[in-house]
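Heads up, entry-v2.csv below (CSV, C-alpha atoms):
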chain,number,residue,atom,x,y,z
A,776,MET,CA,88.0,102.7,112.3
A,777,LYS,CA,86.3,106.1,112.9
A,778,ALA,CA,84.8,108.0,110.1
A,779,ASP,CA,85.1,111.7,111.0
A,780,SER,CA,87.1,113.3,108.2
A,781,ARG,CA,86.8,110.3,105.8
A,782,LEU,CA,90.4,110.8,105.0
A,783,VAL,CA,93.3,108.3,105.2
A,784,LEU,CA,96.9,109.3,104.7
A,785,ALA,CA,99.1,106.9,102.7
A,786,LEU,CA,102.4,107.5,104.4
A,787,ASP,CA,105.0,106.1,102.0
A,788,GLU,CA,107.8,108.3,103.4
A,789,THR,CA,111.0,106.2,103.9
A,790,ASN,CA,112.6,108.4,106.6
A,791,GLY,CA,111.3,107.2,109.9
A,792,GLU,CA,111.7,110.4,111.9
A,793,LYS,CA,110.1,112.5,109.1
A,794,ALA,CA,107.2,109.9,108.9
A,795,LEU,CA,106.6,110.2,112.6
A,796,LYS,CA,106.6,114.0,112.4
A,797,ILE,CA,104.1,114.0,109.6
A,798,ALA,CA,101.9,111.5,111.4
A,799,GLU,CA,101.8,113.7,114.5
A,800,SER,CA,101.0,116.8,112.4
A,801,VAL,CA,98.0,115.3,110.7
A,802,SER,CA,96.8,113.1,113.6
A,803,ASP,CA,93.8,115.5,114.3
A,804,VAL,CA,92.8,115.5,110.7
A,805,VAL,CA,93.0,112.0,109.2
A,806,ASP,CA,91.0,109.0,110.3
A,807,ALA,CA,93.9,106.6,109.8
A,808,ILE,CA,97.4,106.3,108.4
A,809,LYS,CA,98.1,103.6,105.8
A,810,ILE,CA,101.7,102.3,105.5
A,811,ASN,CA,103.2,100.1,102.9
A,812,TRP,CA,106.5,98.2,102.4
A,813,PRO,CA,108.7,101.2,101.7
A,814,LEU,CA,108.5,102.6,105.2
A,815,VAL,CA,108.6,99.2,106.9
A,816,LEU,CA,111.6,98.0,104.9
A,817,SER,CA,113.4,101.3,105.6
A,818,GLU,CA,112.7,101.6,109.3
A,819,GLY,CA,111.5,98.2,110.5
A,820,PRO,CA,108.1,96.8,111.6
A,821,GLN,CA,108.4,98.7,114.9
A,822,MET,CA,107.1,101.7,112.8
A,823,ILE,CA,103.6,100.1,113.1
A,824,THR,CA,103.7,100.5,116.9
A,825,ARG,CA,105.3,103.9,116.8
A,826,LEU,CA,102.7,105.3,114.4
A,827,ALA,CA,99.9,103.8,116.3
A,828,GLU,CA,100.6,106.3,119.1
A,829,PHE,CA,99.3,109.0,116.7
A,830,SER,CA,96.6,107.3,114.7
A,831,GLU,CA,95.0,104.0,113.7
A,832,VAL,CA,97.4,102.2,111.4
A,833,ILE,CA,96.4,100.3,108.2
A,834,CYS,CA,99.1,97.9,107.1
A,835,ASP,CA,98.8,97.9,103.3
A,836,PHE,CA,100.9,94.8,102.7
A,837,LYS,CA,98.6,93.6,100.0
A,838,VAL,CA,99.1,90.1,101.3
A,839,ALA,CA,98.9,87.4,98.6
A,840,ASP,CA,100.0,84.0,99.7
A,841,ILE,CA,98.9,80.6,100.9
A,842,PRO,CA,96.6,80.6,104.0
A,843,ASN,CA,99.3,79.8,106.6
A,844,THR,CA,101.6,82.6,105.4
A,845,VAL,CA,98.7,85.0,105.2
A,846,LYS,CA,97.8,84.0,108.8
A,847,LEU,CA,101.4,84.7,110.0
A,848,ILE,CA,101.6,88.1,108.3
A,849,VAL,CA,98.2,89.3,109.6
A,850,GLU,CA,98.9,88.1,113.2
A,851,ASN,CA,102.2,89.8,113.3
A,852,SER,CA,100.8,93.0,111.9
A,853,VAL,CA,98.0,93.1,114.5
A,854,SER,CA,100.3,92.2,117.3
A,855,ARG,CA,102.4,95.3,116.6
A,856,GLY,CA,99.4,97.6,116.7
A,857,ALA,CA,97.8,97.5,113.3
A,858,SER,CA,94.1,98.4,113.3
A,859,ALA,CA,93.6,97.0,109.8
A,860,ILE,CA,95.4,95.1,107.1
A,861,ILE,CA,95.0,95.0,103.3
A,862,VAL,CA,95.1,91.7,101.4
A,863,HIS,CA,94.6,90.6,97.9
A,864,ALA,CA,91.4,88.6,97.0
A,865,PHE,CA,92.7,86.8,93.9
A,866,THR,CA,94.5,84.2,96.0
A,867,GLY,CA,91.1,82.6,96.6
A,868,ASP,CA,88.7,81.9,99.4
A,869,ASP,CA,91.0,79.8,101.6
A,870,SER,CA,93.6,82.6,101.9
A,871,LEU,CA,91.1,85.4,102.2
A,872,CYS,CA,89.2,83.6,104.9
A,873,ALA,CA,92.5,82.9,106.7
A,874,ALA,CA,93.2,86.6,106.8
A,875,VAL,CA,89.8,87.3,108.4
A,876,GLU,CA,90.2,84.5,110.9
A,877,ALA,CA,93.6,85.7,112.0
A,878,SER,CA,92.7,89.4,112.3
A,879,GLY,CA,91.0,89.3,115.6
A,880,GLU,CA,89.6,92.8,116.4
A,881,ALA,CA,91.5,94.3,113.5
A,882,GLU,CA,89.8,95.0,110.1
A,883,VAL,CA,90.6,93.3,106.8
A,884,TYR,CA,90.2,95.1,103.5
A,885,ALA,CA,90.4,93.1,100.2
A,886,VAL,CA,91.7,94.6,97.0
A,887,THR,CA,89.2,94.5,94.1
A,888,GLU,CA,91.1,96.8,91.7
A,889,MET,CA,94.1,99.0,92.0
A,890,SER,CA,94.3,102.7,91.1
A,891,HIS,CA,97.1,102.8,88.5
A,892,PRO,CA,96.3,102.2,84.8
A,893,GLY,CA,97.7,98.7,84.9
A,894,GLY,CA,95.0,97.9,87.4
A,895,LYS,CA,92.5,97.7,84.5
A,896,MET,CA,94.4,94.8,82.8
A,897,PHE,CA,93.6,91.8,85.0
A,898,THR,CA,92.0,92.4,88.4
A,899,ALA,CA,89.4,94.9,87.2
A,900,LYS,CA,87.9,92.2,85.0
A,901,HIS,CA,87.2,90.1,88.1
A,902,ALA,CA,86.6,93.0,90.6
A,903,GLU,CA,82.9,92.3,91.3
A,904,GLU,CA,83.6,88.6,91.6
A,905,MET,CA,86.3,89.2,94.2
A,906,ALA,CA,84.0,91.6,96.0
A,907,ARG,CA,81.4,88.9,96.3
A,908,LEU,CA,84.1,86.5,97.6
A,909,GLY,CA,85.1,89.1,100.2
A,910,VAL,CA,81.6,89.4,101.4
A,911,GLU,CA,81.4,85.6,101.7
A,912,CYS,CA,84.6,85.5,103.7
A,913,GLY,CA,83.5,88.3,106.1
A,914,VAL,CA,86.0,91.0,105.2
A,915,ASP,CA,85.3,94.5,106.7
A,916,GLY,CA,85.7,96.3,103.4
A,917,PHE,CA,87.4,96.7,100.0
A,918,ILE,CA,89.9,98.8,98.0
A,919,ALA,CA,88.5,100.4,94.9
A,920,PRO,CA,90.1,103.1,92.8
A,921,ALA,CA,89.4,106.8,93.2
A,922,THR,CA,90.9,107.2,89.7
A,923,ARG,CA,87.9,105.4,88.3
A,924,PRO,CA,84.9,106.5,90.4
A,925,GLU,CA,82.5,104.4,88.3
A,926,ARG,CA,84.3,101.3,89.6
A,927,ILE,CA,83.7,102.4,93.2
A,928,ALA,CA,80.0,102.6,92.4
A,929,ALA,CA,80.1,99.1,90.8
A,930,ILE,CA,81.8,97.6,93.9
A,931,ARG,CA,79.3,99.4,96.2
A,932,SER,CA,76.4,97.8,94.3
A,933,VAL,CA,77.9,94.4,95.2
A,934,ILE,CA,78.9,94.8,98.8
A,935,GLY,CA,76.1,96.8,100.4
A,936,ASP,CA,77.0,98.7,103.5
A,937,LEU,CA,80.6,97.4,103.9
A,938,LYS,CA,83.4,99.9,103.8
A,939,ILE,CA,85.4,101.1,100.7
A,940,LEU,CA,88.8,102.7,100.8
A,941,SER,CA,89.7,104.5,97.6
A,942,PRO,CA,93.4,105.2,96.8
A,943,GLY,CA,94.6,107.4,93.9
A,944,VAL,CA,93.5,110.8,95.1
A,945,GLY,CA,95.8,113.7,94.4
A,946,THR,CA,99.0,112.9,92.5
A,947,GLN,CA,97.4,110.0,90.5
A,948,GLY,CA,94.5,112.3,89.5
A,949,GLY,CA,91.6,111.1,91.6
A,950,SER,CA,89.3,113.4,93.5
A,951,ALA,CA,88.5,112.9,97.2
A,952,SER,CA,85.0,114.3,96.9
A,953,ALA,CA,84.3,112.4,93.7
A,954,ALA,CA,85.4,109.1,95.3
A,955,ILE,CA,83.1,109.8,98.3
A,956,SER,CA,80.2,110.7,96.1
A,957,ALA,CA,80.7,107.5,94.1
A,958,GLY,CA,80.3,105.4,97.3
A,959,ALA,CA,83.7,105.4,99.0
A,960,THR,CA,83.8,105.4,102.8
A,961,TYR,CA,87.3,106.9,102.9
A,962,ALA,CA,89.5,108.6,100.4
A,963,ILE,CA,93.2,107.7,100.5
A,964,VAL,CA,95.8,110.5,99.8
A,965,GLY,CA,99.5,110.0,99.8
A,966,ARG,CA,102.2,112.1,98.1
A,967,SER,CA,99.9,115.2,97.9
A,968,ILE,CA,100.0,115.3,101.7
A,969,TYR,CA,103.2,113.8,102.9
A,970,GLY,CA,105.2,115.4,100.1
A,971,SER,CA,103.7,118.8,100.8
A,972,ASP,CA,105.7,121.6,102.5
A,973,ASP,CA,102.8,121.7,105.0
A,974,PRO,CA,101.3,118.2,105.4
A,975,ALA,CA,98.7,119.3,108.0
A,976,ALA,CA,97.4,122.1,105.8
A,977,ALA,CA,97.3,119.8,102.8
A,978,ALA,CA,95.3,117.2,104.8
A,979,ARG,CA,92.9,119.8,106.0
A,980,ALA,CA,92.3,120.9,102.3
A,981,PHE,CA,91.4,117.4,101.3
A,982,ALA,CA,89.2,117.0,104.4
A,983,GLU,CA,87.4,120.2,103.4
A,984,ASP,CA,86.9,118.9,99.9
A,985,ILE,CA,85.3,115.7,101.3
A,986,ARG,CA,83.0,117.8,103.5
A,987,THR,CA,81.5,119.5,100.5
A,988,VAL,CA,79.8,116.3,99.5
A,989,LEU,CA,78.7,115.0,102.9
Entire entry expressed as structure tokens:
Amino acid sequence: MKADSRLVLALDETNGEKALKIAESVSDVVDAIKINWPLVLSEGPQMITRLAEFSEVICDFKVADIPNTVKLIVENSVSRGASAIIVHAFTGDDSLCAAVEASGEAEVYAVTEMSHPGGKMFTAKHAEEMARLGVECGVDGFIAPATRPERIAAIRSVIGDLKILSPGVGTQGGSASAAISAGATYAIVGRSIYGSDDPAAAARAFAEDIRTVL
């Protein structure tokens, strides 16, 4: 995945045509578009392929299952055009390694800690442990919360030069520039861009915020 703007759009819009219009409008600003179950359940998995015409697509399916099921989900996502897929690490080394083995040329990102307040309850207590596991399994990067920049720094200290994607920028209160300063490779922004009256302008504003710390 390229790293020009260091900005990723989390496109949780559920109207397919609107999602495609937004994707096209921000395609020259964002480095990738991250989609989750809301869009796929509303419009079908073909949205992966359609969005890939505009940008690299990260399938944020937070896969958490036995190794064979993980393998099938990752393979199907990649076959439809996904450039990366996000999986949970708490399922253990066999499932996490299965994701990496099934990904081919696509990237795998492992969740260490989610951005909402509840993310502090369980996974945060094991975030560094899961980061070490991800390194051992050969993932390409990790998810760490922009809402808690100090946690980005903690994960960075464990994983070396691997990538970090940081969600929670904008509506959840996180700052794109603060996330990048703490060690994130990319800042993830959702509602503050796709819910804007002018998504392209909103994306450019976040990209400019990131540039102030590069």
Closest of A:Ala975, A:Ala857, A:Val944, A:Pro842 to Asp803 of chain A - atom-to-atom distances counting all atoms listed in the file: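 Looking at the shortest contact to Asp803 of chain A, the residue is A:Ala975.
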Pick from A:Ala877, A:Ala928, A:Val804, A:Ala794 nearest to Ala982 of chain A, counting all atoms listed in the file: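 Checking each candidate against Ala982 of chain A, we get A:Val804 as the closest.
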Near-segment 851-855 of chain A list (8 Å; all atoms listed in the file; drop same-chain fewer than 5 positions) as number ranges by chain: A: 820-821, 823-824, 834, 860, 878, 881
Distance of atom CA of Gly965 of chain A from atom CA of Ala977 of chain A, expressed in Å to one decimal place: 10.5 Å
Set the distance at 7 Å and use all atoms listed in the file: which residues neighbour Arg781 of chain A once local chain neighbours fewer than 5 positions away are removed? I'd like the list as a short mmCIF file (atom, residue, chain, number, x, y, z; two decimals) with C-alpha atoms, in the coordinates of the input.
data_model
loop_
_atom_site.label_atom_id
_atom_site.label_comp_id
_atom_site.auth_asym_id
_atom_site.auth_seq_id
_atom_site.Cartn_x
_atom_site.Cartn_y
_atom_site.Cartn_z
CA ASP A 806 91.00 109.00 110.30
CA THR A 960 83.80 105.40 102.80
CA TYR A 961 87.30 106.90 102.90
CA ALA A 962 89.50 108.60 100.40
#
Contact residues around Ile861 of chain A with only C-alpha atoms at 10 Å, ignoring same-chain residues under 6 positions, as a list in words: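 Final neighbour list, sorted by chain and number: Lys809, Asn811, Ile833, Cys834, Asp835, Phe836, Lys837, Val838, Ala839, Val849, Ala874, Glu882, Val883, Tyr884, Ala885, Val886, Gly916, Phe917 and Ile918 of chain A.
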Proximity to Tyr969 of chain A - best of A:Val801, A:Glu880, A:Gln947, A:Gly791, all atoms listed in the file: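 Between A:Val801, A:Glu880, A:Gln947, A:Gly791, the residue approaching Tyr969 of chain A most closely is A:Val801.
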For Leu784 of chain A, the nearest of the candidates A:Met822, A:Ile968, A:Ala864, A:Ile985, counting all atoms listed in the file: A:Ile968
Counting all atoms listed in the file, the option among A:Gly970, A:Gly935, A:Gly949, A:Ala929 closest to Thr789 of chain A: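 For Thr789 of chain A, the nearest of the given residues is A:Gly970.
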Spatial neighbours of Phe829 of chain A, 10 Å, all atoms listed in the file, chain gap at least 3 places, as number ranges by chain: A: 795-803, 807-808, 824-826, 832
Distance of atom CA of Leu940 of chain A from atom CA of Ser780 of chain A, expressed in Å to one decimal place: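 Computing it gives 13.0 Å between the two atoms.
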A:Leu847, A:Leu816, A:Leu908, A:Ala976 ranked by distance to Asn790 of chain A, top pick (using all atoms listed in the file):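 So, comparing all the options, the nearest one is A:Leu816.
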Atomic separation - atom CA of Thr887 of chain A relative to atom CA of Lys938 of chain A, Å: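 These two atoms are separated by 12.5 Å.
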Close residues, Glu888 of chain A itself excluded, 8 Å, all atoms listed in the file, min 2 positions apart in chain, as a VMD selection string: chain A and resid 886 890 894 to 895 898 to 899 902 918 to 920
Within 12 Å of file point (80.6, 119.3, 103.1), counting all atoms listed in the file, expressed as a list in words: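 The residues near that point, listed by chain and number, are Asp779, Ser780, Arg781, Ala951, Ser952, Ile955, Ser956, Ala980, Phe981, Ala982, Glu983, Asp984, Ile985, Arg986, Thr987, Val988 and Leu989 of chain A.
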Please supply segment 858-885 of chain A, rebuilt with N, CA and C atoms, as a PDB file, in the frame of the given file.
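Produced file rebuild-v2.pdb, reproduced below:
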ATOM      1  N   SER A 858      95.549  98.406 113.121  1.00  0.00           N
ATOM      2  CA  SER A 858      94.100  98.400 113.300  1.00  0.00           C
ATOM      3  C   SER A 858      93.417  97.686 112.095  1.00  0.00           C
ATOM      4  N   ALA A 859      94.158  97.607 110.971  1.00  0.00           N
ATOM      5  CA  ALA A 859      93.600  97.000 109.800  1.00  0.00           C
ATOM      6  C   ALA A 859      94.755  96.519 108.883  1.00  0.00           C
ATOM      7  N   ILE A 860      94.447  95.583 108.005  1.00  0.00           N
ATOM      8  CA  ILE A 860      95.400  95.100 107.100  1.00  0.00           C
ATOM      9  C   ILE A 860      94.759  94.875 105.711  1.00  0.00           C
ATOM     10  N   ILE A 861      95.491  95.183 104.648  1.00  0.00           N
ATOM     11  CA  ILE A 861      95.000  95.000 103.300  1.00  0.00           C
ATOM     12  C   ILE A 861      95.543  93.790 102.659  1.00  0.00           C
ATOM     13  N   VAL A 862      94.673  93.000 102.054  1.00  0.00           N
ATOM     14  CA  VAL A 862      95.100  91.700 101.400  1.00  0.00           C
ATOM     15  C   VAL A 862      94.507  91.668 100.018  1.00  0.00           C
ATOM     16  N   HIS A 863      95.109  90.824  99.198  1.00  0.00           N
ATOM     17  CA  HIS A 863      94.600  90.600  97.900  1.00  0.00           C
ATOM     18  C   HIS A 863      93.500  89.472  97.959  1.00  0.00           C
ATOM     19  N   ALA A 864      92.510  89.574  97.088  1.00  0.00           N
ATOM     20  CA  ALA A 864      91.400  88.600  97.000  1.00  0.00           C
ATOM     21  C   ALA A 864      91.675  87.519  95.978  1.00  0.00           C
ATOM     22  N   PHE A 865      92.564  87.779  95.008  1.00  0.00           N
ATOM     23  CA  PHE A 865      92.700  86.800  93.900  1.00  0.00           C
ATOM     24  C   PHE A 865      93.337  85.513  94.323  1.00  0.00           C
ATOM     25  N   THR A 866      93.868  85.452  95.537  1.00  0.00           N
ATOM     26  CA  THR A 866      94.500  84.200  96.000  1.00  0.00           C
ATOM     27  C   THR A 866      93.399  83.154  96.358  1.00  0.00           C
ATOM     28  N   GLY A 867      92.137  83.552  96.416  1.00  0.00           N
ATOM     29  CA  GLY A 867      91.100  82.600  96.600  1.00  0.00           C
ATOM     30  C   GLY A 867      90.477  82.601  98.013  1.00  0.00           C
ATOM     31  N   ASP A 868      89.418  81.810  98.188  1.00  0.00           N
ATOM     32  CA  ASP A 868      88.700  81.900  99.400  1.00  0.00           C
ATOM     33  C   ASP A 868      89.429  81.376 100.638  1.00  0.00           C
ATOM     34  N   ASP A 869      90.300  80.356 100.472  1.00  0.00           N
ATOM     35  CA  ASP A 869      91.000  79.800 101.600  1.00  0.00           C
ATOM     36  C   ASP A 869      91.950  80.872 102.224  1.00  0.00           C
ATOM     37  N   SER A 870      92.709  81.563 101.374  1.00  0.00           N
ATOM     38  CA  SER A 870      93.600  82.600 101.900  1.00  0.00           C
ATOM     39  C   SER A 870      92.899  83.803 102.401  1.00  0.00           C
ATOM     40  N   LEU A 871      91.842  84.206 101.725  1.00  0.00           N
ATOM     41  CA  LEU A 871      91.100  85.400 102.200  1.00  0.00           C
ATOM     42  C   LEU A 871      90.410  85.124 103.493  1.00  0.00           C
ATOM     43  N   CYS A 872      89.819  83.973 103.627  1.00  0.00           N
ATOM     44  CA  CYS A 872      89.200  83.600 104.900  1.00  0.00           C
ATOM     45  C   CYS A 872      90.191  83.471 106.011  1.00  0.00           C
ATOM     46  N   ALA A 873      91.401  82.999 105.686  1.00  0.00           N
ATOM     47  CA  ALA A 873      92.500  82.900 106.700  1.00  0.00           C
ATOM     48  C   ALA A 873      92.832  84.246 107.248  1.00  0.00           C
ATOM     49  N   ALA A 874      92.853  85.258 106.389  1.00  0.00           N
ATOM     50  CA  ALA A 874      93.200  86.600 106.800  1.00  0.00           C
ATOM     51  C   ALA A 874      92.109  87.095 107.837  1.00  0.00           C
ATOM     52  N   VAL A 875      90.852  86.866 107.525  1.00  0.00           N
ATOM     53  CA  VAL A 875      89.800  87.300 108.400  1.00  0.00           C
ATOM     54  C   VAL A 875      89.856  86.556 109.742  1.00  0.00           C
ATOM     55  N   GLU A 876      90.111  85.260 109.693  1.00  0.00           N
ATOM     56  CA  GLU A 876      90.200  84.500 110.900  1.00  0.00           C
ATOM     57  C   GLU A 876      91.347  84.882 111.807  1.00  0.00           C
ATOM     58  N   ALA A 877      92.444  85.344 111.190  1.00  0.00           N
ATOM     59  CA  ALA A 877      93.600  85.700 112.000  1.00  0.00           C
ATOM     60  C   ALA A 877      93.605  87.146 112.470  1.00  0.00           C
ATOM     61  N   SER A 878      92.656  87.941 112.008  1.00  0.00           N
ATOM     62  CA  SER A 878      92.700  89.400 112.300  1.00  0.00           C
ATOM     63  C   SER A 878      92.226  89.786 113.652  1.00  0.00           C
ATOM     64  N   GLY A 879      91.475  88.927 114.320  1.00  0.00           N
ATOM     65  CA  GLY A 879      91.000  89.300 115.600  1.00  0.00           C
ATOM     66  C   GLY A 879      90.070  90.501 115.570  1.00  0.00           C
ATOM     67  N   GLU A 880      90.393  91.528 116.378  1.00  0.00           N
ATOM     68  CA  GLU A 880      89.600  92.800 116.400  1.00  0.00           C
ATOM     69  C   GLU A 880      89.950  93.716 115.273  1.00  0.00           C
ATOM     70  N   ALA A 881      91.052  93.446 114.567  1.00  0.00           N
ATOM     71  CA  ALA A 881      91.500  94.300 113.500  1.00  0.00           C
ATOM     72  C   ALA A 881      90.593  94.085 112.242  1.00  0.00           C
ATOM     73  N   GLU A 882      90.591  95.063 111.344  1.00  0.00           N
ATOM     74  CA  GLU A 882      89.800  95.000 110.100  1.00  0.00           C
ATOM     75  C   GLU A 882      90.618  94.427 108.975  1.00  0.00           C
ATOM     76  N   VAL A 883      89.933  93.778 108.041  1.00  0.00           N
ATOM     77  CA  VAL A 883      90.600  93.300 106.800  1.00  0.00           C
ATOM     78  C   VAL A 883      89.892  93.903 105.621  1.00  0.00           C
ATOM     79  N   TYR A 884      90.732  94.471 104.734  1.00  0.00           N
ATOM     80  CA  TYR A 884      90.200  95.100 103.500  1.00  0.00           C
ATOM     81  C   TYR A 884      90.811  94.280 102.316  1.00  0.00           C
ATOM     82  N   ALA A 885      89.962  93.910 101.393  1.00  0.00           N
ATOM     83  CA  ALA A 885      90.400  93.100 100.200  1.00  0.00           C
ATOM     84  C   ALA A 885      90.446  94.032  98.994  1.00  0.00           C
TER      85      ALA A 885
END
